[in-house]
Amino acid sequence: MTKKPPRTRGLHELYAEDPEKADKLLWDREVDPVTRRGFLKRSSLLAMAAAVGAQIPFADRMPGGLIPAALAQSDEPFTLHGKEGLTVLNDRPINAETPAHLLDDDVTPGKHMFVRNNGIPPALEGIDVAAWRLEIAGESCLSPKTFSIAELKEQFEHHTYQLQVECGGNGRSEYVPSASGNQWTTGAVACPRFTGARLRDVLEACGIAEDAVYIGYYGADDHVSGDPNREPISRGVPMSKALEDESLIAWAMNDADIPYLNGHPLRLVCGGWPGSVSGKWLNRIVIRNQKHDGTKMGAPSYSVPKHPVAPGTDVPLEDFETIQSMPVKSLVTFPKSGITHALGEPMTVRGHAWAGDLPVQEVHVSIDFGATWQKAELREPANRLAWQRWTSAVEFPEPGYYEVWAKATDSQGRAQPMVVPGWNPKGYLNNACHRIAVQVA
Ligand SMILES: Nc1nc2c(c(=O)[nH]1)N[C@H]1C(S)=C(S)[C@@H](COP(=O)(O)O)O[C@H]1N2
Ligand SMILES: [Mo]
């Protein structure tokens, strides 16, 4: 993919000379998938000024991802092409989460998979699947090779796994004091089925040197600054995770192309770890003789303090460790929070539970704010690293306001906390119990 020139250089002068060209540099991509009823489709600064009802004197200082508060407060929903019902948190880069009740499917459909972008996706019209290449290299790769997608499909066995992908910052919005970053509530998680080649098979075909300890990925998206020499994100996993059966170089999701915003035409998927290790628009993997040191690999990115800290603590970088397996968690995906239920009829409640690299052992539900719990039925996962369906029926003793709480426990006996767990500077790993509101009448 060709990199784009910086977009914000000399903006004032450019606007004076040629406002259309300035708009192009600042905002335009060949395909801009964010619209607010179509208005922001080709969001231009001029149009934005018209929308907020005034000129924007400090426009050149507006961060790339900012939705003007004047628009963000509007009730009109943002829509993302190919996505339905997602809540857009940010539009440059695009970040959108899925309301819990839209995650009720056993296998998450593409239209309901959240989007977490650190940069600007490659222009859709510039993605030529036939011309796409994946390079395998790095100092611990014995014979670096480059593959087309057709070659990957021909040369390696195909594998399909249902894999949970959850952003490390899912739940961040509940931390106090608040942590900077996308204010995810509960919807930065999904569990679709991915098809591709095993990362292990591809790495082995290129020779893994004895000193290999880590892999790192690179994707075709651009840094938000437009600087072609900076990548938005380049993370990776230790060899032990890379070589697991379920770690895939995927070209399909749910038996179709991977949705554009989720990494079409090729992505890495290492389920159970922070979503940030699953590189989208994948075009290069390096086998490293040291921990990968790409963008957002180092603390404080995707890292938490090694020891608990008081909320608001300024933690020195050397006291962080990189997040690996995600913690046990669950969602109530049915019914939708806020429903009214008829007194006297048992109510079916269901959702999913997952626990990073581990299986979930049990799920309990409570209708009395955690005073008593009943055990839910829990299904086996479709495969390792897939979430597990849980179901229960609850009965309400009298009319009124109730909450249904769900709590999962992993195979090592660790349960979800009722309250927000240990504060950390970047707001990762909030696995507090999910709850829904029910009016019984
Ligand atoms: N190339 C690239 N890969 C990426 C990202 C990105 O910004 N660029 N975001 C990462 C993060 S932080 C997460 S949580 C997952 C999200 O995957 P999704 O957007 O398909 O839901 O992709 C990861 N892979
Ligand atoms: Mo993420």
# chains A, B, ... in the order shown; residues from 1 in each chain; ligands from 1
$ residues_around --residues "stretch 338-351 of chain A" --least-positions-apart "6" --cutoff "7 Å" --atoms "only C-alpha atoms" --output "PyMOL selection string"
chain A and resi 104+331-332+389-396+398-399+436-441
$ write_last_selection --atoms "all heavy atoms" --output "tab-separated table (two decimals), in the first residue's frame"
chain	number	residue	atom	x	y	z
A	104	ASP	N	-26.06	-11.00	20.90
A	104	ASP	CA	-26.75	-12.21	21.36
A	104	ASP	C	-26.47	-13.44	20.50
A	104	ASP	O	-26.57	-14.57	20.97
A	104	ASP	CB	-28.27	-11.93	21.44
A	104	ASP	CG	-29.01	-13.05	22.16
A	104	ASP	OD1	-28.51	-13.51	23.21
A	104	ASP	OD2	-30.07	-13.48	21.66
A	331	LEU	N	-21.31	-11.34	29.54
A	331	LEU	CA	-22.29	-10.33	29.14
A	331	LEU	C	-23.67	-10.94	29.23
A	331	LEU	O	-23.84	-12.14	28.97
A	331	LEU	CB	-22.08	-9.94	27.68
A	331	LEU	CG	-21.12	-8.83	27.30
A	331	LEU	CD1	-21.16	-8.65	25.78
A	331	LEU	CD2	-21.46	-7.53	28.01
A	332	VAL	N	-24.66	-10.10	29.56
A	332	VAL	CA	-26.06	-10.49	29.43
A	332	VAL	C	-26.51	-9.93	28.09
A	332	VAL	O	-26.57	-8.71	27.90
A	332	VAL	CB	-26.92	-9.88	30.56
A	332	VAL	CG1	-28.36	-10.35	30.44
A	332	VAL	CG2	-26.35	-10.20	31.93
A	389	ARG	N	-21.84	-19.98	25.66
A	389	ARG	CA	-23.21	-19.55	25.88
A	389	ARG	C	-23.67	-19.96	27.27
A	389	ARG	O	-23.45	-21.09	27.69
A	389	ARG	CB	-24.10	-20.21	24.81
A	389	ARG	CG	-25.56	-20.15	25.06
A	389	ARG	CD	-26.12	-18.77	24.96
A	389	ARG	NE	-26.32	-18.32	23.59
A	389	ARG	CZ	-26.55	-17.04	23.28
A	389	ARG	NH1	-26.57	-16.10	24.21
A	389	ARG	NH2	-26.73	-16.70	22.02
A	390	TRP	N	-24.29	-19.04	28.00
A	390	TRP	CA	-24.94	-19.42	29.25
A	390	TRP	C	-26.41	-19.00	29.18
A	390	TRP	O	-26.77	-18.05	28.49
A	390	TRP	CB	-24.23	-18.83	30.47
A	390	TRP	CG	-24.24	-17.32	30.52
A	390	TRP	CD1	-23.26	-16.47	30.09
A	390	TRP	CD2	-25.30	-16.48	31.02
A	390	TRP	NE1	-23.63	-15.16	30.27
A	390	TRP	CE2	-24.88	-15.15	30.85
A	390	TRP	CE3	-26.55	-16.73	31.58
A	390	TRP	CZ2	-25.68	-14.05	31.22
A	390	TRP	CZ3	-27.35	-15.64	31.96
A	390	TRP	CH2	-26.90	-14.32	31.77
A	391	THR	N	-27.25	-19.77	29.87
A	391	THR	CA	-28.70	-19.52	29.87
A	391	THR	C	-29.25	-19.77	31.26
A	391	THR	O	-28.76	-20.66	31.96
A	391	THR	CB	-29.44	-20.49	28.92
A	391	THR	OG1	-28.72	-20.57	27.70
A	391	THR	CG2	-30.85	-20.03	28.63
A	392	SER	N	-30.26	-19.02	31.64
A	392	SER	CA	-30.91	-19.27	32.91
A	392	SER	C	-32.35	-18.78	32.84
A	392	SER	O	-32.70	-18.03	31.93
A	392	SER	CB	-30.15	-18.55	34.04
A	392	SER	OG	-30.49	-19.13	35.28
A	393	ALA	N	-33.18	-19.21	33.78
A	393	ALA	CA	-34.54	-18.69	33.88
A	393	ALA	C	-34.68	-18.12	35.29
A	393	ALA	O	-34.35	-18.81	36.26
A	393	ALA	CB	-35.56	-19.78	33.63
A	394	VAL	N	-35.14	-16.88	35.38
A	394	VAL	CA	-35.28	-16.28	36.70
A	394	VAL	C	-36.75	-15.96	36.96
A	394	VAL	O	-37.52	-15.70	36.04
A	394	VAL	CB	-34.42	-14.99	36.85
A	394	VAL	CG1	-32.94	-15.34	36.81
A	394	VAL	CG2	-34.75	-13.96	35.77
A	395	GLU	N	-37.12	-15.99	38.24
A	395	GLU	CA	-38.51	-15.66	38.60
A	395	GLU	C	-38.51	-14.52	39.60
A	395	GLU	O	-37.73	-14.51	40.55
A	395	GLU	CB	-39.19	-16.90	39.21
A	395	GLU	CG	-39.60	-17.88	38.13
A	395	GLU	CD	-40.25	-19.13	38.71
A	395	GLU	OE1	-41.22	-18.99	39.47
A	395	GLU	OE2	-39.75	-20.23	38.40
A	396	PHE	N	-39.41	-13.58	39.37
A	396	PHE	CA	-39.45	-12.39	40.22
A	396	PHE	C	-40.60	-12.51	41.21
A	396	PHE	O	-41.71	-12.86	40.83
A	396	PHE	CB	-39.62	-11.14	39.34
A	396	PHE	CG	-38.52	-10.98	38.33
A	396	PHE	CD1	-38.71	-11.36	37.01
A	396	PHE	CD2	-37.28	-10.47	38.70
A	396	PHE	CE1	-37.70	-11.22	36.07
A	396	PHE	CE2	-36.26	-10.33	37.77
A	396	PHE	CZ	-36.47	-10.71	36.46
A	398	GLU	N	-42.24	-10.18	43.08
A	398	GLU	CA	-43.30	-9.15	43.11
A	398	GLU	C	-42.97	-8.08	42.08
A	398	GLU	O	-41.85	-8.05	41.57
A	398	GLU	CB	-43.40	-8.53	44.51
A	398	GLU	CG	-42.10	-7.93	44.99
A	398	GLU	CD	-42.19	-7.43	46.43
A	398	GLU	OE1	-42.82	-6.39	46.63
A	398	GLU	OE2	-41.62	-8.08	47.33
A	399	PRO	N	-43.93	-7.20	41.76
A	399	PRO	CA	-43.65	-6.18	40.75
A	399	PRO	C	-42.56	-5.21	41.25
A	399	PRO	O	-42.35	-5.09	42.47
A	399	PRO	CB	-44.97	-5.42	40.61
A	399	PRO	CG	-46.01	-6.23	41.33
A	399	PRO	CD	-45.30	-7.10	42.31
A	436	ILE	N	-28.24	-5.86	33.84
A	436	ILE	CA	-29.29	-5.24	33.04
A	436	ILE	C	-30.46	-4.88	33.95
A	436	ILE	O	-30.63	-5.47	35.02
A	436	ILE	CB	-29.80	-6.17	31.90
A	436	ILE	CG1	-30.39	-7.48	32.48
A	436	ILE	CG2	-28.71	-6.47	30.89
A	436	ILE	CD1	-31.33	-8.17	31.53
A	437	ALA	N	-31.25	-3.91	33.52
A	437	ALA	CA	-32.41	-3.45	34.28
A	437	ALA	C	-33.67	-4.15	33.76
A	437	ALA	O	-33.82	-4.31	32.54
A	437	ALA	CB	-32.55	-1.94	34.13
A	438	VAL	N	-34.54	-4.56	34.67
A	438	VAL	CA	-35.81	-5.19	34.28
A	438	VAL	C	-36.93	-4.59	35.14
A	438	VAL	O	-36.81	-4.52	36.37
A	438	VAL	CB	-35.77	-6.72	34.51
A	438	VAL	CG1	-37.10	-7.37	34.12
A	438	VAL	CG2	-34.62	-7.36	33.72
A	439	GLN	N	-38.00	-4.15	34.48
A	439	GLN	CA	-39.20	-3.68	35.21
A	439	GLN	C	-40.18	-4.85	35.22
A	439	GLN	O	-40.52	-5.35	34.15
A	439	GLN	CB	-39.85	-2.51	34.48
A	439	GLN	CG	-38.99	-1.31	34.31
A	439	GLN	CD	-38.92	-0.43	35.56
A	439	GLN	OE1	-39.65	-0.66	36.53
A	439	GLN	NE2	-38.05	0.58	35.52
A	440	VAL	N	-40.63	-5.26	36.38
A	440	VAL	CA	-41.61	-6.34	36.44
A	440	VAL	C	-42.97	-5.73	36.79
A	440	VAL	O	-43.09	-4.99	37.77
A	440	VAL	CB	-41.18	-7.42	37.45
A	440	VAL	CG1	-42.27	-8.48	37.60
A	440	VAL	CG2	-39.87	-8.06	37.00
A	441	ALA	N	-43.96	-6.01	35.94
A	441	ALA	CA	-45.26	-5.37	36.12
A	441	ALA	C	-46.36	-6.44	36.11
A	441	ALA	O	-46.19	-7.49	35.51
A	441	ALA	CB	-45.51	-4.38	35.00
$ residues_near_ligand --ligand "ligand 2" --cutoff "7 Å" --atoms "only C-alpha atoms and all ligand atoms" --output "ChimeraX atom specification"
/A:116,167-169,274-276
$ write_last_selection --atoms "N, CA, C and O atoms" --output "PDB file, in the first residue's frame"
ATOM      1  N   ARG A 116     -12.092  -1.143  16.267  1.00  0.00           N
ATOM      2  CA  ARG A 116     -11.123  -0.391  17.043  1.00  0.00           C
ATOM      3  C   ARG A 116      -9.951  -0.072  16.113  1.00  0.00           C
ATOM      4  O   ARG A 116      -9.171  -0.959  15.761  1.00  0.00           O
ATOM      5  N   CYS A 167     -11.096  -5.881  23.071  1.00  0.00           N
ATOM      6  CA  CYS A 167     -10.114  -4.811  23.245  1.00  0.00           C
ATOM      7  C   CYS A 167      -9.677  -4.756  24.707  1.00  0.00           C
ATOM      8  O   CYS A 167     -10.509  -4.848  25.618  1.00  0.00           O
ATOM      9  N   GLY A 168      -8.382  -4.578  24.918  1.00  0.00           N
ATOM     10  CA  GLY A 168      -7.851  -4.487  26.286  1.00  0.00           C
ATOM     11  C   GLY A 168      -8.503  -3.367  27.082  1.00  0.00           C
ATOM     12  O   GLY A 168      -8.566  -3.408  28.313  1.00  0.00           O
ATOM     13  N   GLY A 169      -9.017  -2.351  26.373  1.00  0.00           N
ATOM     14  CA  GLY A 169      -9.624  -1.196  27.041  1.00  0.00           C
ATOM     15  C   GLY A 169     -11.137  -1.298  27.174  1.00  0.00           C
ATOM     16  O   GLY A 169     -11.791  -0.336  27.608  1.00  0.00           O
ATOM     17  N   PRO A 274      -5.513  -9.373  24.417  1.00  0.00           N
ATOM     18  CA  PRO A 274      -6.074  -8.086  24.004  1.00  0.00           C
ATOM     19  C   PRO A 274      -6.188  -8.041  22.481  1.00  0.00           C
ATOM     20  O   PRO A 274      -5.270  -8.497  21.785  1.00  0.00           O
ATOM     21  N   GLY A 275      -7.305  -7.510  21.977  1.00  0.00           N
ATOM     22  CA  GLY A 275      -7.536  -7.466  20.532  1.00  0.00           C
ATOM     23  C   GLY A 275      -6.374  -6.842  19.780  1.00  0.00           C
ATOM     24  O   GLY A 275      -6.160  -7.130  18.596  1.00  0.00           O
ATOM     25  N   SER A 276      -5.614  -5.997  20.470  1.00  0.00           N
ATOM     26  CA  SER A 276      -4.521  -5.274  19.811  1.00  0.00           C
ATOM     27  C   SER A 276      -3.419  -6.191  19.278  1.00  0.00           C
ATOM     28  O   SER A 276      -2.583  -5.745  18.497  1.00  0.00           O
TER      29      SER A 276
END
$ closest_atom_pairs --of "stretch 265-359 of chain A" --to "stretch 419-432 of chain A" --cutoff "9 Å" --atoms "only C-alpha atoms" --output "Markdown table"
| residue | atom | partner | partner_atom | distance |
| --- | --- | --- | --- | --- |
| A:Pro300 | CA | A:Lys426 | CA | 7.1 |
| A:Ser301 | CA | A:Lys426 | CA | 7.5 |
| A:Tyr302 | CA | A:Tyr428 | CA | 7.3 |
| A:Ser303 | CA | A:Tyr428 | CA | 7.8 |
| A:Val304 | CA | A:Asn424 | CA | 6.1 |
| A:Pro305 | CA | A:Asn424 | CA | 6.7 |
| A:Pro308 | CA | A:Gly422 | CA | 6.4 |
| A:Val309 | CA | A:Trp423 | CA | 7.0 |
| A:Ala310 | CA | A:Trp423 | CA | 7.0 |
| A:Pro311 | CA | A:Trp423 | CA | 5.3 |
| A:Gly312 | CA | A:Pro425 | CA | 7.0 |
| A:Thr313 | CA | A:Pro425 | CA | 7.3 |
| A:Asp314 | CA | A:Pro425 | CA | 7.4 |
| A:Val315 | CA | A:Pro425 | CA | 7.4 |
| A:Ile323 | CA | A:Leu429 | CA | 8.8 |
| A:Met326 | CA | A:Leu429 | CA | 7.1 |
| A:Pro327 | CA | A:Asn431 | CA | 6.7 |
| A:Val328 | CA | A:Asn431 | CA | 6.8 |
| A:Lys329 | CA | A:Asn431 | CA | 5.4 |
| A:Ser330 | CA | A:Asn431 | CA | 8.0 |
$ select_by_dssp --residues "stretch 131-320 of chain A" --states "strand (DSSP E or B)" --output "JSON, numbers by chain"
{"A": [133, 134, 135, 136, 137, 141, 145, 146, 147, 148, 159, 160, 161, 162, 165, 166, 189, 190, 193, 194, 195, 196, 197, 198, 208, 214, 215, 216, 217, 218, 219, 222, 236, 237, 238, 248, 249, 250, 251, 252, 253, 256, 257, 267, 268, 269, 274, 282, 283, 284, 285, 286, 287, 288, 303, 304, 305, 320]}
$ residues_near_ligand --ligand "ligand 1" --cutoff "8 Å" --atoms "only C-alpha atoms and all ligand atoms" --output "number ranges by chain"
A: 95, 113-121, 165-169, 188-190, 218-221, 232-234, 261-263, 267, 274-282
$ residues_around --residues "A:Gly171" --least-positions-apart "6" --cutoff "7 Å" --atoms "only C-alpha atoms" --output "list in words"
Trp184, Thr185, Thr186 and Asn430 of chain A
$ residues_around --residues "A:Arg288" --least-positions-apart "4" --cutoff "7 Å" --atoms "only C-alpha atoms" --output "mmCIF file with C-alpha atoms, in the first residue's frame"
data_model
loop_
_atom_site.group_PDB
_atom_site.id
_atom_site.type_symbol
_atom_site.label_atom_id
_atom_site.label_comp_id
_atom_site.auth_asym_id
_atom_site.auth_seq_id
_atom_site.Cartn_x
_atom_site.Cartn_y
_atom_site.Cartn_z
ATOM 1 C CA GLY A 138 12.718 -10.564 10.923
ATOM 2 C CA GLU A 139 16.092 -11.360 12.434
ATOM 3 C CA SER A 140 14.946 -14.798 13.635
ATOM 4 C CA ALA A 212 13.124 -16.675 18.239
ATOM 5 C CA VAL A 213 11.094 -15.329 21.173
ATOM 6 C CA TYR A 214 8.354 -13.107 19.707
ATOM 7 C CA ILE A 215 6.497 -12.203 16.540
ATOM 8 C CA HIS A 292 8.826 -7.043 19.628
#
$ closest_residue --among "A:Ala197, A:Glu210, A:Ala353, A:Gln164" --to "A:Ser325" --atoms "only C-alpha atoms"
A:Gln164
$ closest_residue --among "A:Tyr161, A:Tyr217, A:Tyr260, A:Phe156" --to "A:Leu124" --atoms "only C-alpha atoms"
A:Tyr260
$ select_by_dssp --residues "stretch 128-306 of chain A" --states "helix (DSSP H, G or I)" --output "PyMOL selection string"
chain A and resi 129-131+149-155+172-174+199-205+239-242+260-262+275-277
$ write_last_selection --atoms "N, CA and C atoms" --output "tab-separated table (two decimals), in the first residue's frame"
chain	number	residue	atom	x	y	z
A	129	VAL	N	-7.03	-7.40	-3.75
A	129	VAL	CA	-6.79	-8.68	-3.06
A	129	VAL	C	-5.74	-9.50	-3.82
A	130	ALA	N	-5.80	-9.47	-5.15
A	130	ALA	CA	-4.84	-10.26	-5.94
A	130	ALA	C	-3.42	-9.74	-5.77
A	131	ALA	N	-3.29	-8.45	-5.52
A	131	ALA	CA	-1.95	-7.85	-5.42
A	131	ALA	C	-1.45	-7.80	-3.98
A	149	ILE	N	-2.20	-13.89	-1.25
A	149	ILE	CA	-3.27	-14.57	-0.51
A	149	ILE	C	-3.58	-15.91	-1.20
A	150	ALA	N	-3.51	-15.93	-2.53
A	150	ALA	CA	-3.75	-17.18	-3.26
A	150	ALA	C	-2.72	-18.22	-2.85
A	151	GLU	N	-1.46	-17.80	-2.70
A	151	GLU	CA	-0.42	-18.75	-2.28
A	151	GLU	C	-0.64	-19.26	-0.87
A	152	LEU	N	-1.07	-18.38	0.02
A	152	LEU	CA	-1.37	-18.84	1.39
A	152	LEU	C	-2.46	-19.91	1.34
A	153	LYS	N	-3.49	-19.64	0.51
A	153	LYS	CA	-4.62	-20.58	0.41
A	153	LYS	C	-4.18	-21.91	-0.21
A	154	GLU	N	-3.26	-21.86	-1.17
A	154	GLU	CA	-2.80	-23.08	-1.84
A	154	GLU	C	-1.84	-23.88	-0.98
A	155	GLN	N	-0.92	-23.18	-0.32
A	155	GLN	CA	0.21	-23.89	0.29
A	155	GLN	C	-0.04	-24.37	1.72
A	172	ARG	N	-13.33	0.59	29.87
A	172	ARG	CA	-12.53	1.71	30.39
A	172	ARG	C	-13.38	2.83	30.98
A	173	SER	N	-14.58	3.05	30.43
A	173	SER	CA	-15.38	4.21	30.83
A	173	SER	C	-15.74	4.20	32.31
A	174	GLU	N	-15.60	3.05	32.97
A	174	GLU	CA	-16.01	3.00	34.38
A	174	GLU	C	-14.91	3.33	35.38
A	199	LEU	N	-0.83	-19.60	11.79
A	199	LEU	CA	0.37	-18.77	11.85
A	199	LEU	C	1.60	-19.69	11.96
A	200	ARG	N	1.48	-20.73	12.76
A	200	ARG	CA	2.59	-21.67	12.97
A	200	ARG	C	3.08	-22.29	11.65
A	201	ASP	N	2.11	-22.74	10.83
A	201	ASP	CA	2.48	-23.39	9.56
A	201	ASP	C	3.24	-22.42	8.66
A	202	VAL	N	2.77	-21.17	8.62
A	202	VAL	CA	3.41	-20.19	7.74
A	202	VAL	C	4.80	-19.82	8.27
A	203	LEU	N	4.90	-19.64	9.59
A	203	LEU	CA	6.21	-19.30	10.17
A	203	LEU	C	7.19	-20.45	9.96
A	204	GLU	N	6.72	-21.68	10.15
A	204	GLU	CA	7.61	-22.84	9.99
A	204	GLU	C	8.10	-22.96	8.55
A	205	ALA	N	7.24	-22.60	7.60
A	205	ALA	CA	7.64	-22.66	6.19
A	205	ALA	C	8.75	-21.65	5.90
A	239	MET	N	6.42	-16.37	21.15
A	239	MET	CA	6.34	-17.53	20.27
A	239	MET	C	5.32	-18.55	20.76
A	240	SER	N	5.24	-18.76	22.09
A	240	SER	CA	4.34	-19.79	22.60
A	240	SER	C	2.89	-19.52	22.18
A	241	LYS	N	2.49	-18.26	22.18
A	241	LYS	CA	1.13	-17.91	21.74
A	241	LYS	C	1.04	-17.99	20.21
A	242	ALA	N	2.08	-17.53	19.53
A	242	ALA	CA	2.08	-17.54	18.06
A	242	ALA	C	1.94	-18.96	17.52
A	260	TYR	N	-14.40	-4.87	5.84
A	260	TYR	CA	-13.35	-3.87	5.59
A	260	TYR	C	-12.78	-3.27	6.88
A	261	LEU	N	-13.66	-2.82	7.77
A	261	LEU	CA	-13.17	-2.16	8.98
A	261	LEU	C	-12.55	-3.14	9.98
A	262	ASN	N	-12.74	-4.44	9.76
A	262	ASN	CA	-12.15	-5.44	10.64
A	262	ASN	C	-10.91	-6.09	10.02
A	275	GLY	N	-7.31	-7.51	21.98
A	275	GLY	CA	-7.54	-7.47	20.53
A	275	GLY	C	-6.37	-6.84	19.78
A	276	SER	N	-5.61	-6.00	20.47
A	276	SER	CA	-4.52	-5.27	19.81
A	276	SER	C	-3.42	-6.19	19.28
A	277	VAL	N	-3.38	-7.47	19.68
A	277	VAL	CA	-2.37	-8.37	19.11
A	277	VAL	C	-2.85	-8.97	17.78
$ closest_residue --among "A:Val360, A:Ala371, A:Val224, A:Leu248" --to "A:Arg198" --atoms "only C-alpha atoms"
A:Leu248
$ closest_residue --among "A:Gly110, A:Pro192, A:Gly271, A:Gly400" --to "A:Asp357" --atoms "only C-alpha atoms"
A:Gly271
$ closest_residue --among "A:Met418, A:Leu89, A:Cys270, A:Ile258" --to "A:Gln324" --atoms "only C-alpha atoms"
A:Cys270
$ atom_distance --atom1 "atom CA of A:Gly216" --atom2 "atom CA of A:Leu134"
12.9 Å
$ atom_distance --atom1 "atom CA of A:Thr409" --atom2 "atom CA of A:Ala382"
18.3 Å
